Every structure is written in C-alpha cells, then in structure tokens.
$ cat model_3.cif   # mmCIF, C-alpha atoms and all ligand atoms
data_protein
loop_
_atom_site.label_atom_id
_atom_site.label_comp_id
_atom_site.auth_asym_id
_atom_site.auth_seq_id
_atom_site.Cartn_x
_atom_site.Cartn_y
_atom_site.Cartn_z
CA MET A 1 46.77 -10.56 28.03
CA LEU A 2 45.94 -6.85 28.00
CA VAL A 3 42.49 -5.28 27.78
CA ALA A 4 42.81 -1.58 26.91
CA GLY A 5 40.05 0.99 26.59
CA ASN A 6 40.25 3.94 24.22
CA TRP A 7 37.59 6.39 25.29
CA LYS A 8 38.34 8.73 22.37
CA MET A 9 36.63 12.15 22.70
CA ASN A 10 33.74 10.92 24.80
CA THR A 11 32.32 11.79 28.23
CA ASP A 12 32.82 14.98 30.23
CA VAL A 13 35.01 14.82 33.32
CA SER A 14 32.26 13.86 35.75
CA GLU A 15 30.97 11.16 33.39
CA GLY A 16 34.52 9.91 32.91
CA ARG A 17 35.06 9.84 36.66
CA ALA A 18 31.82 7.89 37.05
CA LEU A 19 32.94 5.40 34.40
CA ALA A 20 36.28 4.92 36.15
CA ASP A 21 34.48 4.56 39.50
CA ALA A 22 32.22 1.90 37.97
CA ILE A 23 35.26 0.02 36.64
CA ALA A 24 36.93 0.21 40.07
CA GLU A 25 33.72 -0.94 41.74
CA GLY A 26 33.32 -3.83 39.30
CA LEU A 27 36.85 -4.99 40.03
CA SER A 28 36.79 -4.62 43.77
CA SER A 29 33.32 -5.77 44.77
CA SER A 30 32.89 -8.89 42.66
CA PRO A 31 34.78 -11.22 40.37
CA PRO A 32 36.45 -11.28 37.87
CA ASP A 33 39.71 -12.04 39.52
CA LEU A 34 41.87 -10.71 36.74
CA GLY A 35 44.69 -13.19 37.20
CA ASP A 36 47.33 -12.32 34.62
CA VAL A 37 45.06 -10.06 32.61
CA ASP A 38 46.19 -6.42 32.62
CA VAL A 39 43.67 -3.64 32.25
CA LEU A 40 44.42 -0.14 30.93
CA VAL A 41 42.17 2.82 30.18
CA CYS A 42 43.00 5.78 27.95
CA PRO A 43 40.65 8.68 28.67
CA PRO A 44 40.89 12.22 27.25
CA TYR A 45 43.71 14.35 28.70
CA VAL A 46 41.55 16.49 30.97
CA HIS A 47 40.09 13.38 32.61
CA LEU A 48 43.45 11.88 33.52
CA PRO A 49 43.86 13.16 37.10
CA ALA A 50 40.31 12.16 38.07
CA VAL A 51 40.61 8.76 36.42
CA LEU A 52 44.01 8.07 37.98
CA ASP A 53 42.50 8.92 41.35
CA ALA A 54 39.43 6.74 40.80
CA LEU A 55 41.56 3.74 39.82
CA ALA A 56 44.32 4.18 42.42
CA GLU A 57 43.25 1.17 44.49
CA VAL A 58 42.59 -1.31 41.68
CA PRO A 59 44.99 -2.95 39.23
CA VAL A 60 44.14 -0.74 36.27
CA THR A 61 46.76 1.44 34.61
CA VAL A 62 46.06 4.66 32.78
CA GLY A 63 47.33 5.97 29.47
CA ALA A 64 46.77 8.85 27.08
CA GLN A 65 45.47 8.83 23.52
CA ASP A 66 48.27 10.81 21.90
CA MET A 67 51.17 13.16 22.73
CA HIS A 68 53.58 15.52 21.01
CA ALA A 69 56.90 14.26 19.67
CA GLU A 70 58.84 17.03 21.48
CA GLY A 71 59.34 17.16 25.22
CA GLU A 72 58.45 20.86 25.59
CA GLY A 73 58.20 24.08 23.68
CA ALA A 74 55.98 26.46 21.75
CA TYR A 75 53.33 23.99 20.62
CA THR A 76 50.07 25.61 21.64
CA GLY A 77 47.45 23.09 22.59
CA ASP A 78 49.76 20.08 22.76
CA VAL A 79 50.66 17.71 25.57
CA SER A 80 54.11 16.17 26.08
CA ALA A 81 55.42 12.83 27.29
CA PRO A 82 57.00 14.35 30.44
CA MET A 83 53.63 15.89 31.33
CA LEU A 84 51.89 12.54 31.00
CA ALA A 85 54.62 10.74 32.92
CA SER A 86 54.52 13.36 35.67
CA ILE A 87 50.91 12.59 36.54
CA GLY A 88 51.32 8.82 36.53
CA CYS A 89 50.42 7.68 33.01
CA ASP A 90 51.96 4.38 31.97
CA ALA A 91 51.23 4.24 28.27
CA VAL A 92 50.17 6.27 25.26
CA ILE A 93 48.28 5.36 22.11
CA LEU A 94 50.19 6.50 19.02
CA GLY A 95 49.27 6.57 15.35
CA HIS A 96 45.61 5.70 15.81
CA SER A 97 43.94 5.70 12.38
CA GLU A 98 41.82 8.68 13.43
CA ARG A 99 45.01 10.67 14.11
CA ARG A 100 46.46 9.53 10.79
CA GLU A 101 43.27 10.45 8.93
CA TYR A 102 42.25 13.74 10.57
CA TYR A 103 45.69 15.09 11.50
CA ASP A 104 47.76 13.63 8.66
CA GLU A 105 50.02 11.77 11.05
CA THR A 106 52.67 9.79 9.24
CA ASP A 107 54.73 6.77 10.23
CA ALA A 108 57.63 9.18 10.76
CA ASP A 109 55.53 11.14 13.28
CA VAL A 110 54.57 7.94 15.06
CA ASN A 111 58.22 6.92 15.09
CA ALA A 112 59.35 10.19 16.69
CA LYS A 113 56.56 9.98 19.26
CA ALA A 114 57.35 6.36 20.10
CA LYS A 115 60.98 7.27 20.85
CA GLN A 116 59.91 10.24 22.94
CA ALA A 117 57.36 8.15 24.86
CA GLN A 118 59.94 5.51 25.70
CA ALA A 119 62.45 8.15 26.77
CA HIS A 120 59.96 9.21 29.43
CA GLY A 121 58.93 5.76 30.59
CA LEU A 122 55.65 5.58 28.69
CA VAL A 123 54.87 2.41 26.77
CA PRO A 124 53.91 3.29 23.20
CA ILE A 125 50.82 1.54 21.86
CA VAL A 126 51.57 1.76 18.16
CA CYS A 127 48.43 1.42 16.03
CA VAL A 128 48.51 0.03 12.51
CA GLY A 129 45.82 -1.12 10.11
CA GLU A 130 44.66 -1.07 6.53
CA THR A 131 41.62 0.48 4.83
CA LEU A 132 38.95 -1.64 3.16
CA GLU A 133 40.24 -0.60 -0.27
CA GLU A 134 43.75 -1.70 0.62
CA ARG A 135 42.46 -5.06 1.84
CA GLN A 136 40.37 -5.57 -1.26
CA ALA A 137 43.39 -4.75 -3.42
CA GLY A 138 45.38 -7.47 -1.63
CA GLU A 139 47.70 -4.89 -0.08
CA ALA A 140 46.79 -5.29 3.58
CA ASP A 141 49.95 -7.16 4.63
CA THR A 142 52.28 -4.74 2.87
CA VAL A 143 50.49 -1.68 4.23
CA VAL A 144 50.64 -2.96 7.78
CA GLN A 145 54.26 -4.11 7.49
CA ASP A 146 55.25 -0.70 6.14
CA GLN A 147 53.47 0.98 9.06
CA VAL A 148 55.21 -1.28 11.56
CA ASP A 149 58.60 -0.71 9.94
CA GLY A 150 58.09 3.05 9.69
CA ALA A 151 56.85 3.42 13.24
CA LEU A 152 59.55 1.25 14.80
CA SER A 153 62.61 2.25 12.83
CA GLY A 154 65.37 2.80 15.39
CA VAL A 155 63.05 2.09 18.31
CA SER A 156 64.90 -0.25 20.63
CA VAL A 157 62.94 -2.79 22.59
CA ASP A 158 64.81 -4.98 25.04
CA SER A 159 61.83 -6.67 26.58
CA GLY A 160 58.19 -7.27 25.80
CA ASP A 161 56.98 -4.64 28.22
CA ALA A 162 58.58 -1.73 26.33
CA LEU A 163 56.16 -1.78 23.39
CA ILE A 164 52.58 -2.64 22.50
CA VAL A 165 51.32 -2.93 18.94
CA ALA A 166 47.63 -2.69 18.07
CA TYR A 167 46.30 -4.03 14.80
CA GLU A 168 43.16 -2.07 14.01
CA PRO A 169 41.74 -2.67 10.55
CA ILE A 170 40.14 0.67 9.69
CA TRP A 171 37.08 -1.00 8.19
CA ALA A 172 36.34 -2.62 11.57
CA ILE A 173 36.67 0.48 13.77
CA GLY A 174 33.35 1.76 15.02
CA THR A 175 31.44 -0.25 12.43
CA GLY A 176 30.15 -3.05 14.64
CA GLU A 177 31.84 -5.50 12.26
CA SER A 178 35.02 -6.90 13.75
CA ALA A 179 37.54 -8.82 11.70
CA ALA A 180 36.96 -12.56 11.77
CA PRO A 181 39.23 -14.19 14.34
CA ALA A 182 41.19 -16.10 11.67
CA GLN A 183 41.57 -12.96 9.58
CA ALA A 184 42.88 -11.00 12.56
CA GLN A 185 45.20 -13.86 13.55
CA GLU A 186 46.67 -13.91 10.04
CA MET A 187 47.69 -10.27 10.31
CA HIS A 188 48.91 -10.67 13.87
CA ALA A 189 51.19 -13.47 12.67
CA VAL A 190 52.58 -11.17 9.99
CA ILE A 191 53.24 -8.49 12.61
CA ARG A 192 54.81 -11.04 14.99
CA ASP A 193 57.16 -12.18 12.21
CA ASP A 194 58.14 -8.60 11.56
CA LEU A 195 58.83 -7.99 15.25
CA THR A 196 60.77 -11.25 15.48
CA GLU A 197 63.05 -10.15 12.68
CA ARG A 198 63.49 -6.80 14.37
CA TYR A 199 63.88 -7.80 18.02
CA GLY A 200 64.40 -11.57 18.10
CA ALA A 201 61.87 -14.21 19.12
CA ASN A 202 62.47 -13.91 22.86
CA VAL A 203 61.42 -10.28 22.90
CA ALA A 204 58.86 -10.40 20.06
CA ASP A 205 56.91 -13.23 21.66
CA ASP A 206 56.38 -11.07 24.74
CA ILE A 207 55.27 -7.88 22.93
CA PRO A 208 51.49 -7.63 23.39
CA LEU A 209 49.73 -7.54 20.02
CA LEU A 210 46.27 -6.10 20.55
CA TYR A 211 43.37 -6.40 18.15
CA GLY A 212 41.10 -3.37 17.82
CA GLY A 213 37.93 -2.80 15.81
CA SER A 214 34.45 -3.48 17.20
CA MET A 215 35.61 -5.85 19.91
CA LYS A 216 32.63 -6.56 22.19
CA PRO A 217 31.89 -9.08 24.93
CA HIS A 218 30.14 -11.35 22.39
CA ASN A 219 33.05 -11.59 19.95
CA ALA A 220 35.99 -11.14 22.33
CA TYR A 221 36.47 -14.82 23.15
CA GLY A 222 36.95 -15.85 19.52
CA LEU A 223 39.43 -13.07 18.89
CA LEU A 224 41.37 -13.39 22.14
CA SER A 225 41.76 -17.13 21.80
CA GLN A 226 43.89 -16.74 18.65
CA PRO A 227 47.54 -17.55 19.33
CA ASP A 228 48.95 -14.16 18.32
CA ILE A 229 46.18 -11.98 19.73
CA ASP A 230 47.30 -10.89 23.18
CA GLY A 231 44.48 -8.53 24.03
CA GLY A 232 42.19 -5.83 22.72
CA LEU A 233 42.11 -2.09 22.13
CA ILE A 234 38.49 -1.30 22.70
CA GLY A 235 36.64 1.85 21.68
CA SER A 236 32.89 2.05 22.10
CA ALA A 237 32.59 -1.03 24.33
CA SER A 238 35.02 0.60 26.77
CA LEU A 239 32.53 3.39 27.46
CA ALA A 240 30.41 1.23 29.76
CA ALA A 241 31.93 -0.62 32.71
CA ASP A 242 29.87 -3.77 32.14
CA SER A 243 30.87 -4.27 28.51
CA PHE A 244 34.50 -3.31 29.18
CA LEU A 245 34.76 -5.68 32.14
CA GLY A 246 32.78 -8.25 30.16
CA ILE A 247 35.65 -8.29 27.67
CA ALA A 248 38.17 -8.52 30.52
CA GLU A 249 36.27 -11.57 31.79
CA LYS A 250 36.59 -13.21 28.36
CA ALA A 251 40.32 -12.51 28.49
CA VAL A 252 40.51 -14.20 31.89
CA GLU A 253 38.63 -17.21 30.49
CA VAL A 254 41.01 -17.52 27.54
CA GLN A 255 44.01 -17.11 29.78
CA GLU A 256 42.79 -19.76 32.21
CA GLU A 257 42.07 -22.20 29.42
CA SER A 258 45.50 -21.73 27.92
CA GLY A 259 46.93 -22.51 31.33
CA SER A 260 49.20 -19.48 31.35
P1 LIG A 301 35.84 0.45 18.37
O1 LIG A 301 37.17 1.34 18.36
O2 LIG A 301 36.02 -0.62 19.41
O3 LIG A 301 34.74 1.41 18.72
O4 LIG A 301 35.70 -0.13 16.99
C1 LIG A 301 38.45 0.76 18.47
C2 LIG A 301 39.52 1.81 18.36
O5 LIG A 301 39.41 2.70 17.50
O6 LIG A 301 40.52 1.80 19.11
#
$ encode --input "model_3.cif" --output "structure tokens"
Amino acid sequence: MLVAGNWKMNTDVSEGRALADAIAEGLSSSPPDLGDVDVLVCPPYVHLPAVLDALAEVPVTVGAQDMHAEGEGAYTGDVSAPMLASIGCDAVILGHSERREYYDETDADVNAKAKQAQAHGLVPIVCVGETLEERQAGEADTVVQDQVDGALSGVSVDSGDALIVAYEPIWAIGTGESAAPAQAQEMHAVIRDDLTERYGANVADDIPLLYGGSMKPHNAYGLLSQPDIDGGLIGSASLAADSFLGIAEKAVEVQEESGS
C-alpha cells in the first residue's frame, strides 16, 4: 500500500518545510506504525532539499511532480531526471491531468518521460483518467486504456517496484467528490488487466495502482479496501499533516485487516 501526497503549486518553502516537519513529527512521536504502508510526498521543486532534509529520519520518500523528457540541454526553466535523482528523489509524477490540460502533454510525452525517469532510477507515477464527458459517453475504459498503452509503450517493467500507475478521474480531482469505491475498483481492474497483458500477472499484481481524486480520511477506507486499489495519490488532503497521516492510518487499517 502506498500513500502519496501531491502538493501541487502550494506552500512557500518555509510552509513546505513546516508541513514536512509535521509529517515527520507525526510519524516519530506517536502511532501509526506504518507497517507495510509506504509514504511518499511530492512537493514543488524548490522545496525538495528542505523536505528531503526534514524527512531524512522517517520512512517517507520524496518525489517530484514532473520532469523534462531529456536529460540535459537548452530547456530554460525545466528540470531533468538526473537533477532529481542527484538530490535523492525516488519517484516522479508524470502525465497528471493538470499537465495534460494546461501544458498539452500527450501520452507520447508521458512515455518519453517515463523512460527517462526509469533510466535515472526514478519510479514513474503515470497518471491516467477520463473527463466527465468521456465517462458520460461510455468512453471511460477506452480513454484510460489508450492512456495506459500510450504512456507505457516500450517501457519495460521487470518488477512491481519499477512503475506506479495512478487512476485519477478528472471529475473527481479537487471537487470534493471522489469516485465511488466500486466505480474506482472497476477501472483499476481494467488497468490491472492491461498491465497483466503487458507485463504478466507476476509483475502486474505488484505494480501499485493508486486512486486519486478527493481522497480524504473519511472516504479513504472504502477506496483502499478495494482489491485493485493499492494506495492513493492525494492532493488537497496532503497539505495538512493530520489529514495526510489520517489517510495513511486508514491504509494501515486496511492492510492489517487483509493480513498482508
Ligand atoms: P485532490 O487531488 O486530492 O485534491 O482531488 C488529487 C490529484 O490531483 O493528484
């Protein structure tokens, strides 16, 4: 189970440091004992050194929210995979719907970035998800399958820790209305099937499939207890240590109940 926070473009560096300190404090001074639940935070680039420092003594890994598809070069304003790897990042969110919408990122872009991330030891968190119109038109499965296929074409994955996929229905992001657990599970099963065809069941079963879109402490249990939901990608609820760790506690509960 993986609980991942996407801070998006929120907090200045001292606020971000304070948030990371509060997460570290919450994990070191009191339960939850995280057991097998992994925790990851993805702050803005400029926060990364401070957040890595704040979380150095607790079992929380740190990732970025995007990166360039090239390793270096004349790309003013961009950040590369080797840069992120060099400061200790473990993962990178790719193809978030906000990047697709505001920066016209395509599946081909996500694909190139995923390969580049892996080449530098970063685990790509590939985001997919349909719009409300696409869902209402009965196209959600096809849209998501096409995104998965486009993003992962030629991406080799030998074990479940080389890739993370996040299903984030666009209509649920930042709206306060998450997908219903059964609805999310249905799409996760579609994605799992796709990954099974691509990588075989042994690998596909171990690839974390995160749900994202208004996950909060009050709805996390229902979502995380679905068989193909292996964690959450959390936006606004990751901006306060108590709600973020509240979701991590739900993940621990689900994990303990499943006996794994
Ligand atoms: P949200 O964002 O939890 O605020 O809906 C999720 C995301 O966009 O990753």
$ residues_near_point --input "model_3.cif" --point "(34.1, 6.2, 24.8)" --cutoff "9 Å" --atoms "all atoms listed in the file" --output "PyMOL selection string"
chain A and resi 5-11+16+43+234-240
$ residues_near_ligand --input "model_3.cif" --ligand "ligand LIG 301 (chain A)" --cutoff "9 Å" --atoms "only C-alpha atoms and all ligand atoms" --output "ChimeraX atom specification"
/A:4-8,96-98,127,166,168,170-178,211-216,232-238
$ closest_residue --input "model_3.cif" --among "A:Val51, A:Val60, A:Ala22, A:Val128" --to "Asp38 in chain A" --atoms "only C-alpha atoms"
A:Val60
$ atom_distance --input "model_3.cif" --atom1 "CA of Leu40 in chain A" --atom2 "CA of Tyr75 in chain A"
27.7 Å
$ residues_around --input "model_3.cif" --residues "Ala180 in chain A" --least-positions-apart "4" --cutoff "9 Å" --atoms "only C-alpha atoms" --output "compact mmCIF listing (two decimals) with C-alpha atoms, keeping the file's coordinate frame"
# COMPACT_ATOMS: atom_id res chain seq x y z
CA ALA A 184 42.88 -11.00 12.56
CA GLN A 185 45.20 -13.86 13.55
CA GLY A 222 36.95 -15.85 19.52
CA LEU A 223 39.43 -13.07 18.89
$ atom_distance --input "model_3.cif" --atom1 "CA of Ala137 in chain A" --atom2 "CA of Thr106 in chain A"
21.4 Å
$ atom_distance --input "model_3.cif" --atom1 "CA of Ala248 in chain A" --atom2 "CA of Asp36 in chain A"
10.7 Å
$ residues_around --input "model_3.cif" --residues "Leu122 in chain A" --least-positions-apart "3" --cutoff "10 Å" --atoms "all atoms listed in the file" --output "list in words"
Gly63, Ala64, Ala81, Pro82, Leu84, Ala85, Gly88, Cys89, Asp90, Ala91, Val92, Ile93, Ala114, Lys115, Gln116, Ala117, Gln118, Ala119, Ile125, Ala162 and Leu163 of chain A
$ write_last_selection --input "model_3.cif" --atoms "C-alpha atoms" --output "mmCIF file, in the coordinates of the input"
data_model
loop_
_atom_site.group_PDB
_atom_site.id
_atom_site.type_symbol
_atom_site.label_atom_id
_atom_site.label_comp_id
_atom_site.auth_asym_id
_atom_site.auth_seq_id
_atom_site.Cartn_x
_atom_site.Cartn_y
_atom_site.Cartn_z
ATOM 1 C CA GLY A 63 47.330 5.970 29.470
ATOM 2 C CA ALA A 64 46.770 8.850 27.080
ATOM 3 C CA ALA A 81 55.420 12.830 27.290
ATOM 4 C CA PRO A 82 57.000 14.350 30.440
ATOM 5 C CA LEU A 84 51.890 12.540 31.000
ATOM 6 C CA ALA A 85 54.620 10.740 32.920
ATOM 7 C CA GLY A 88 51.320 8.820 36.530
ATOM 8 C CA CYS A 89 50.420 7.680 33.010
ATOM 9 C CA ASP A 90 51.960 4.380 31.970
ATOM 10 C CA ALA A 91 51.230 4.240 28.270
ATOM 11 C CA VAL A 92 50.170 6.270 25.260
ATOM 12 C CA ILE A 93 48.280 5.360 22.110
ATOM 13 C CA ALA A 114 57.350 6.360 20.100
ATOM 14 C CA LYS A 115 60.980 7.270 20.850
ATOM 15 C CA GLN A 116 59.910 10.240 22.940
ATOM 16 C CA ALA A 117 57.360 8.150 24.860
ATOM 17 C CA GLN A 118 59.940 5.510 25.700
ATOM 18 C CA ALA A 119 62.450 8.150 26.770
ATOM 19 C CA ILE A 125 50.820 1.540 21.860
ATOM 20 C CA ALA A 162 58.580 -1.730 26.330
ATOM 21 C CA LEU A 163 56.160 -1.780 23.390
#
$ residues_around --input "model_3.cif" --residues "range 25-27 of chain A" --least-positions-apart "2" --cutoff "9 Å" --atoms "all atoms listed in the file" --output "ChimeraX atom specification"
/A:20-23,29-34,58-59,241-242,245
$ closest_residue --input "model_3.cif" --among "A:Pro217, A:Gly129, A:Gly259, A:Gly138" --to "Ser243 in chain A" --atoms "only C-alpha atoms"
A:Pro217
$ residues_around --input "model_3.cif" --residues "Lys250 in chain A" --least-positions-apart "5" --cutoff "8 Å" --atoms "all atoms listed in the file" --output "list of chain:residue names"
A:Pro217, A:Ala220, A:Tyr221, A:Leu224
$ closest_residue --input "model_3.cif" --among "A:Gln65, A:Ser225, A:Ser14, A:Ser28" --to "Tyr45 in chain A" --atoms "only C-alpha atoms"
A:Gln65
$ residues_around --input "model_3.cif" --residues "Leu210 in chain A" --least-positions-apart "6" --cutoff "8 Å" --atoms "all atoms listed in the file" --output "list in words"
Leu2, Ile164, Val165, Ala166, Tyr167, Ile229, Asp230, Gly231, Gly232 and Leu233 of chain A
$ closest_residue --input "model_3.cif" --among "A:Ala18, A:Val155, A:Val37, A:Met187" --to "Met1 in chain A" --atoms "only C-alpha atoms"
A:Val37
$ closest_residue --input "model_3.cif" --among "A:Val13, A:Ile191, A:Ala24, A:Val157" --to "Leu55 in chain A" --atoms "only C-alpha atoms"
A:Ala24
$ closest_residue --input "model_3.cif" --among "A:Val254, A:Val143, A:Ile207, A:Met67" --to "Asp109 in chain A" --atoms "only C-alpha atoms"
A:Met67
$ decode --input "model_3.cif" --residues "range 13-31 of chain A" --atoms "N, CA, C and O atoms" --output "PDB file, in the first residue's frame"
ATOM      1  N   VAL A  13       8.499  27.827   0.687  1.00  0.00           N
ATOM      2  CA  VAL A  13       9.450  26.830   1.186  1.00  0.00           C
ATOM      3  C   VAL A  13       9.358  26.651   2.705  1.00  0.00           C
ATOM      4  O   VAL A  13       9.414  25.526   3.205  1.00  0.00           O
ATOM      5  N   SER A  14       9.156  27.758   3.437  1.00  0.00           N
ATOM      6  CA  SER A  14       9.114  27.557   4.891  1.00  0.00           C
ATOM      7  C   SER A  14       7.823  26.846   5.302  1.00  0.00           C
ATOM      8  O   SER A  14       7.834  26.019   6.226  1.00  0.00           O
ATOM      9  N   GLU A  15       6.736  27.121   4.605  1.00  0.00           N
ATOM     10  CA  GLU A  15       5.491  26.380   4.907  1.00  0.00           C
ATOM     11  C   GLU A  15       5.632  24.904   4.535  1.00  0.00           C
ATOM     12  O   GLU A  15       5.145  24.020   5.240  1.00  0.00           O
ATOM     13  N   GLY A  16       6.307  24.655   3.425  1.00  0.00           N
ATOM     14  CA  GLY A  16       6.517  23.271   2.993  1.00  0.00           C
ATOM     15  C   GLY A  16       7.408  22.523   3.977  1.00  0.00           C
ATOM     16  O   GLY A  16       7.169  21.359   4.308  1.00  0.00           O
ATOM     17  N   ARG A  17       8.435  23.211   4.441  1.00  0.00           N
ATOM     18  CA  ARG A  17       9.321  22.612   5.448  1.00  0.00           C
ATOM     19  C   ARG A  17       8.526  22.292   6.718  1.00  0.00           C
ATOM     20  O   ARG A  17       8.679  21.223   7.315  1.00  0.00           O
ATOM     21  N   ALA A  18       7.650  23.223   7.101  1.00  0.00           N
ATOM     22  CA  ALA A  18       6.852  23.008   8.316  1.00  0.00           C
ATOM     23  C   ALA A  18       5.903  21.815   8.126  1.00  0.00           C
ATOM     24  O   ALA A  18       5.699  21.023   9.053  1.00  0.00           O
ATOM     25  N   LEU A  19       5.350  21.691   6.940  1.00  0.00           N
ATOM     26  CA  LEU A  19       4.462  20.555   6.659  1.00  0.00           C
ATOM     27  C   LEU A  19       5.246  19.241   6.740  1.00  0.00           C
ATOM     28  O   LEU A  19       4.797  18.264   7.360  1.00  0.00           O
ATOM     29  N   ALA A  20       6.427  19.223   6.142  1.00  0.00           N
ATOM     30  CA  ALA A  20       7.256  18.010   6.203  1.00  0.00           C
ATOM     31  C   ALA A  20       7.674  17.713   7.640  1.00  0.00           C
ATOM     32  O   ALA A  20       7.683  16.549   8.071  1.00  0.00           O
ATOM     33  N   ASP A  21       8.005  18.767   8.403  1.00  0.00           N
ATOM     34  CA  ASP A  21       8.360  18.571   9.821  1.00  0.00           C
ATOM     35  C   ASP A  21       7.183  17.966  10.578  1.00  0.00           C
ATOM     36  O   ASP A  21       7.364  17.080  11.417  1.00  0.00           O
ATOM     37  N   ALA A  22       5.975  18.458  10.278  1.00  0.00           N
ATOM     38  CA  ALA A  22       4.787  17.954  10.980  1.00  0.00           C
ATOM     39  C   ALA A  22       4.531  16.491  10.617  1.00  0.00           C
ATOM     40  O   ALA A  22       4.121  15.694  11.467  1.00  0.00           O
ATOM     41  N   ILE A  23       4.804  16.121   9.370  1.00  0.00           N
ATOM     42  CA  ILE A  23       4.646  14.715   8.965  1.00  0.00           C
ATOM     43  C   ILE A  23       5.672  13.853   9.707  1.00  0.00           C
ATOM     44  O   ILE A  23       5.346  12.798  10.257  1.00  0.00           O
ATOM     45  N   ALA A  24       6.918  14.342   9.749  1.00  0.00           N
ATOM     46  CA  ALA A  24       7.979  13.600  10.447  1.00  0.00           C
ATOM     47  C   ALA A  24       7.635  13.449  11.927  1.00  0.00           C
ATOM     48  O   ALA A  24       7.780  12.363  12.512  1.00  0.00           O
ATOM     49  N   GLU A  25       7.161  14.526  12.509  1.00  0.00           N
ATOM     50  CA  GLU A  25       6.787  14.523  13.928  1.00  0.00           C
ATOM     51  C   GLU A  25       5.651  13.525  14.176  1.00  0.00           C
ATOM     52  O   GLU A  25       5.688  12.717  15.096  1.00  0.00           O
ATOM     53  N   GLY A  26       4.648  13.555  13.306  1.00  0.00           N
ATOM     54  CA  GLY A  26       3.511  12.653  13.445  1.00  0.00           C
ATOM     55  C   GLY A  26       3.932  11.193  13.350  1.00  0.00           C
ATOM     56  O   GLY A  26       3.342  10.324  13.988  1.00  0.00           O
ATOM     57  N   LEU A  27       4.955  10.929  12.566  1.00  0.00           N
ATOM     58  CA  LEU A  27       5.382   9.539  12.383  1.00  0.00           C
ATOM     59  C   LEU A  27       6.365   9.087  13.449  1.00  0.00           C
ATOM     60  O   LEU A  27       6.512   7.896  13.686  1.00  0.00           O
ATOM     61  N   SER A  28       7.055  10.035  14.073  1.00  0.00           N
ATOM     62  CA  SER A  28       8.070   9.594  15.020  1.00  0.00           C
ATOM     63  C   SER A  28       7.587   9.663  16.463  1.00  0.00           C
ATOM     64  O   SER A  28       8.035   8.887  17.294  1.00  0.00           O
ATOM     65  N   SER A  29       6.626  10.558  16.758  1.00  0.00           N
ATOM     66  CA  SER A  29       6.275  10.720  18.166  1.00  0.00           C
ATOM     67  C   SER A  29       5.091   9.851  18.584  1.00  0.00           C
ATOM     68  O   SER A  29       4.878   9.617  19.747  1.00  0.00           O
ATOM     69  N   SER A  30       4.290   9.417  17.628  1.00  0.00           N
ATOM     70  CA  SER A  30       3.091   8.662  18.025  1.00  0.00           C
ATOM     71  C   SER A  30       2.769   7.657  16.930  1.00  0.00           C
ATOM     72  O   SER A  30       3.303   7.738  15.838  1.00  0.00           O
ATOM     73  N   PRO A  31       1.871   6.706  17.211  1.00  0.00           N
ATOM     74  CA  PRO A  31       1.446   5.843  16.130  1.00  0.00           C
ATOM     75  C   PRO A  31       0.876   6.724  15.008  1.00  0.00           C
ATOM     76  O   PRO A  31       0.603   7.872  15.264  1.00  0.00           O
TER      77      PRO A  31
END
